[in-house]
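Worksheet for the structure shown next.
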Amino acid sequence: MATDLFEIEPLDATFGAVVTGVELRSIDEPAFEALHETWLEYALLIFPGQFLSIAEQNAFARRFGPLEFEAVAFSNVDSEGRILDDPGHDVVKSLRGNEGWHHDSTYMPLQAKGSVFTAEVVPSRGGATGWADMRAAYEALDSATRKRLGGLQAYHSLYYSQGRSGYMPTKNSGGGYDMYGFHDLEPSLRPLVKVHPETGRPNLLIGRHAYGIVGMDDDESEAFLDGLNDEACRPPRIHHHHWTVGDAALWDNRRLMHRGTPFDMTEPRRMWHTRIAGDPASELADNHPGFEQRSGVDVMGEDTLIVS
Ligand SMILES: [Fe+2]
């Protein structure tokens with residue numbers, strides 16, 4: 001969309017834009033409405049030089065709807081300033097697990113709508129975040145595959161994704177972390193093709209948490225999903241952002257997958273992640289129709305460990 005309220009520089013991909021000329025901490029209603037439209041169009045917006053406080057980040061995210069949870073640190077630095085680089089530490093495992101492509105909170109009964117993510121401390125190199133466009137991926141499929149996918153559902157679980165990647169937390173970190181998302185409900189069952197509730201466009205809903213397609217045996221399902229993920233997450237449908245302190249990113253979790261990338265964990269990195277709750281009318285799992293999500297404030301303690 002065209003607007004004279006801020007500048008939009010599209011990325012070299014099927015999605016995404018860098019937005020400048022706007023202050024997210026004080027954006028007025030007309031500019032916010034234009035920004036919301038821009039978000040739906042591009043799905044990923046990157047805002048350099050915002051330097052949002054935690055409160056400002058949460059307030060901005062709340063303009064898109066209720067929060068699944070307020071800003072939490074995604075960091076290899078603990079609350080006492082110690083760098084966590086032991087591969088066996090649960091925090092390190094969670095960060096490493098995030099390096100697989102995924103949509104946030106598909107393992108919960110209510111999938112996330114989107115996220116605001118900001119950079120406070122960045123390593124000298126590495127640690128980029130990647131996004132992948134599942135609308136473009138769906139549109140790139142041949143019609144027979146699209147038709148086949150149309151009726152399929154898969155389960156989503158952190159037990160599957162973290163277990164398969166070898167990063168299952170063991171609560172051995174000594175910090176008494178709660179494990180967000182490792183719930184004992186039935187794993188969430190979701191369609192492989194999700195119609196975006198605001199654009200009406202179909203998107204693949206896949207990623208590392210998805211497994212166990214209904215009607216396939218485990219090996220067949222895993223091979224099928226691996227092939228789908230691999231094909232989906234290729235240029236021009238991917239973009240990686242190399243962070244500068246003060247950057248903010250906003251993405252649409254209903255359309256995009258994302259992932260972290262490795263960095264030298266002897267260097268500190270601290271990112272802040274605010275997760276916007278999905279709309280129960282469109283983001284509830286097929287097998288949890290009556291679920292009512294408590295707010296993150298209720299379910300999370302100071303030491304809750306988020307595996308994304
Ligand atoms: Fe994530």
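Letters A, B, ... mark the chains of the structure tokens in the order given; residue numbers begin at 1 per chain; ligand numbers begin at 1, in order shown.
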
| task | Select the residues contacting ligand 1 at a distance of at most 8 Å, based on only C-alpha atoms and all ligand atoms, then format the selection as an MDAnalysis selection string. | result | chainID A and resid 98 102:105 258:260 307:308

Write out the residues from the selection above, keeping C-alpha atoms, as a compact mmCIF listing (two decimals), in the first residue's frame.
# COMPACT_ATOMS: atom_id res chain seq x y z
CA ASN A 98 14.72 -22.40 17.76
CA HIS A 102 8.55 -22.94 12.95
CA HIS A 103 5.42 -20.96 13.63
CA ASP A 104 5.18 -19.82 17.26
CA SER A 105 2.87 -21.61 19.68
CA HIS A 258 10.92 -18.13 11.40
CA ARG A 259 14.11 -19.47 12.95
CA GLY A 260 17.17 -18.38 14.85
CA VAL A 307 11.03 -22.72 23.69
CA SER A 308 9.86 -20.97 20.59

| message | Applying 6 Å and only C-alpha atoms, which residues near segment 239-255 of chain A remain after dropping the ones on its own chain fewer than 2 positions away? List them as a PyMOL selection string. | response | chain A and resi 43-51+103+113-120+128-131+134+203

| query | Looking at A:Ile27, A:Ile276, A:Val121, A:Met168, which one is nearest to Val91 of chain A, with distances taken over only C-alpha atoms? | reply | A:Met168

| task | Within 8 Å of segment 84-89 of chain A, counting only C-alpha atoms, which residues show up once you throw out same-chain ones fewer than 3 positions away? Write them as a list in words, please. | result |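 What passes the distance filter is Asn76, Val77, Asp78, Val92, Lys93, Pro169, Asn172, Ser173, Met265 and Thr266 of chain A.
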
Keeping only C-alpha atoms, take the residues you just selected and write them out as a short mmCIF file (atom, residue, chain, number, x, y, z; two decimals), in the first residue's frame.
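Here's the written file result02.cif:
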data_model
loop_
_atom_site.label_atom_id
_atom_site.label_comp_id
_atom_site.auth_asym_id
_atom_site.auth_seq_id
_atom_site.Cartn_x
_atom_site.Cartn_y
_atom_site.Cartn_z
CA ASN A 76 22.22 -16.71 26.64
CA VAL A 77 22.78 -14.36 29.59
CA ASP A 78 21.03 -15.20 32.85
CA VAL A 92 21.03 -23.20 25.41
CA LYS A 93 18.91 -26.16 24.26
CA PRO A 169 15.00 -29.77 28.31
CA ASN A 172 19.11 -29.64 34.84
CA SER A 173 19.88 -25.96 34.66
CA MET A 265 27.56 -18.48 22.61
CA THR A 266 30.58 -17.24 24.52
#

| All residues 7 Å or closer to Val72 of chain A, only C-alpha atoms, same chain fewer than 4 positions away omitted, as a list in words |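 Non-adjacent residues within range: Trp272, His273 and Thr274 of chain A.
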